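> First, the structure itself, so that you have it in front of you.
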Amino acid sequence: MKLLPLLPPLPRLPGPRISSALLGATALELAVLVGHLITYPFGLAPERRPPRPRPTRPANTDAHGPDGGETAARATTTRGEAAPHAATALPLAADDAPPVVLLHGFIDNRSAFVVLRRALTRHGHRHLESLNYSPLTRDIRAAADLLGLHVEEICARTGHSRVDIVGHSLGGLIARYYVQRLGGDRRVRTLVTLGTPHGGTAVAPGAGIHPIVRQMRGGSSVIEELRTPAPGCRTRFVSFWSELDQVMVPVETACVDHPDLDAVNVRVTGIGHLALPVHPTVAAAILEALDAPEAGEDTATATGSSTGATSVA
């Protein structure tokens, strides 16, 4: 029996290759997810707000002064009644930074910012507010309107006229709608977004069930509203995006691309969607953006044009 000659080896067919960077980012995502599941129950309750300071009468004020006691009456409030904003605002130091509002993503809560909050506190940011919005929220517009009420209350309580906002994923989109469409630019100095679908994402699990998820898809009415002109918008935008973010499809959708907005897009390497709020390198870049002065700055991560870009490792 004659043997057939050996066939030459077949060429290897091209196929998907999983890079070591993607494997590392996936492992980190899983670790962050496990840690977040542990801390999630602690973030379900709303954050405890600091008590409003009671207005006090100066020590040398005579309750029975020449106005027959009217001065003392004006210096107090009725029992159970909140004092006016001017009386309850905290005194400001000359170098006091604006409050920082932290806004979480879809089906999440304020526990997503445990690590970032600690970093901000260590670097002197005293006024930190972590807001929870209900997972039953059905409309980005309604959530943005509620955010506006929270911002007004924070400004009244702290005595600041403006705040900074850091929003992860959907939280960043809610904050952008408030700034761009509801006049929030008069209250928001800097908006930092982490993995936010500014241009809409094709990855939207449950889009047929939850209407707010449908609004995050490309071409939705909300995304199209954000493409409309926004002349004179006073808020500066810093958007962090990662080439390994599996939730943002395409990944560049997490960039702010609008001719009227003062924005810079910061490219992050080596991490995925869930790690953006907890990675120390991203936290350092966020601190740099928040600490940048409002006028005359040339720091890349604080300001630029809508096509500006930088990166962090």
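Each chain in the structure tokens gets a letter, A, B and so on, in the order shown; residues start at 1 in every chain, and ligands are counted from 1 in the order they appear.
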Just want the 7 Å neighbourhood of Thr201 in chain A, counted on only C-alpha atoms, with same-chain residues fewer than 4 positions away dropped. Output as a PyMOL selection string.

chain A and resi 197+216-218+248-250+253

> Restricting the output to N, CA and C atoms, write the selected residues as a tab-separated table (two decimals), in the first residue's frame.


```
chain	number	residue	atom	x	y	z
A	197	PRO	N	-21.78	58.06	27.86
A	197	PRO	CA	-22.12	57.93	26.43
A	197	PRO	C	-22.63	59.23	25.83
A	216	MET	N	-30.00	56.30	26.26
A	216	MET	CA	-28.54	56.29	26.16
A	216	MET	C	-28.05	55.74	24.83
A	217	ARG	N	-28.94	55.28	23.99
A	217	ARG	CA	-28.54	54.74	22.70
A	217	ARG	C	-28.33	55.87	21.70
A	218	GLY	N	-27.45	55.65	20.73
A	218	GLY	CA	-27.23	56.63	19.70
A	218	GLY	C	-28.50	56.93	18.92
A	248	MET	N	-18.97	51.30	26.32
A	248	MET	CA	-19.06	52.38	25.34
A	248	MET	C	-18.71	51.83	23.96
A	249	VAL	N	-19.68	51.77	23.08
A	249	VAL	CA	-19.47	51.26	21.72
A	249	VAL	C	-20.08	52.25	20.73
A	250	PRO	N	-19.22	52.89	19.93
A	250	PRO	CA	-17.75	52.80	19.93
A	250	PRO	C	-17.16	53.52	21.14
A	253	THR	N	-17.45	57.30	21.80
A	253	THR	CA	-18.72	57.93	22.16
A	253	THR	C	-18.66	58.57	23.53
```

> In Å, how far is it from CA of Tyr177 in chain A to CA of Asp108 in chain A?

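So the answer is 19.1 Å.
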
> Give me the residues near Val282 in chain A as an NGL selection string, where near means some atom within 9 Å (using only C-alpha atoms) and where sequence neighbours in that chain fewer than 6 positions away do not count.

:A and (240 or 268 or 276 or 312-313)

> Run DSSP on the backbone and grab whatever in range 169-310 of chain A lands in alpha helix (DSSP H); send it over as a PyMOL selection string.

chain A and resi 170-181+211-214+221-225+280-291

> Check the smallest atom-to-atom distance from each of A:Gly172, A:Gly199, A:Pro99, A:Gly272 to Glu153 in chain A using only C-alpha atoms, then report the winner.

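Looking at the shortest contact to Glu153 in chain A, the residue is A:Pro99.
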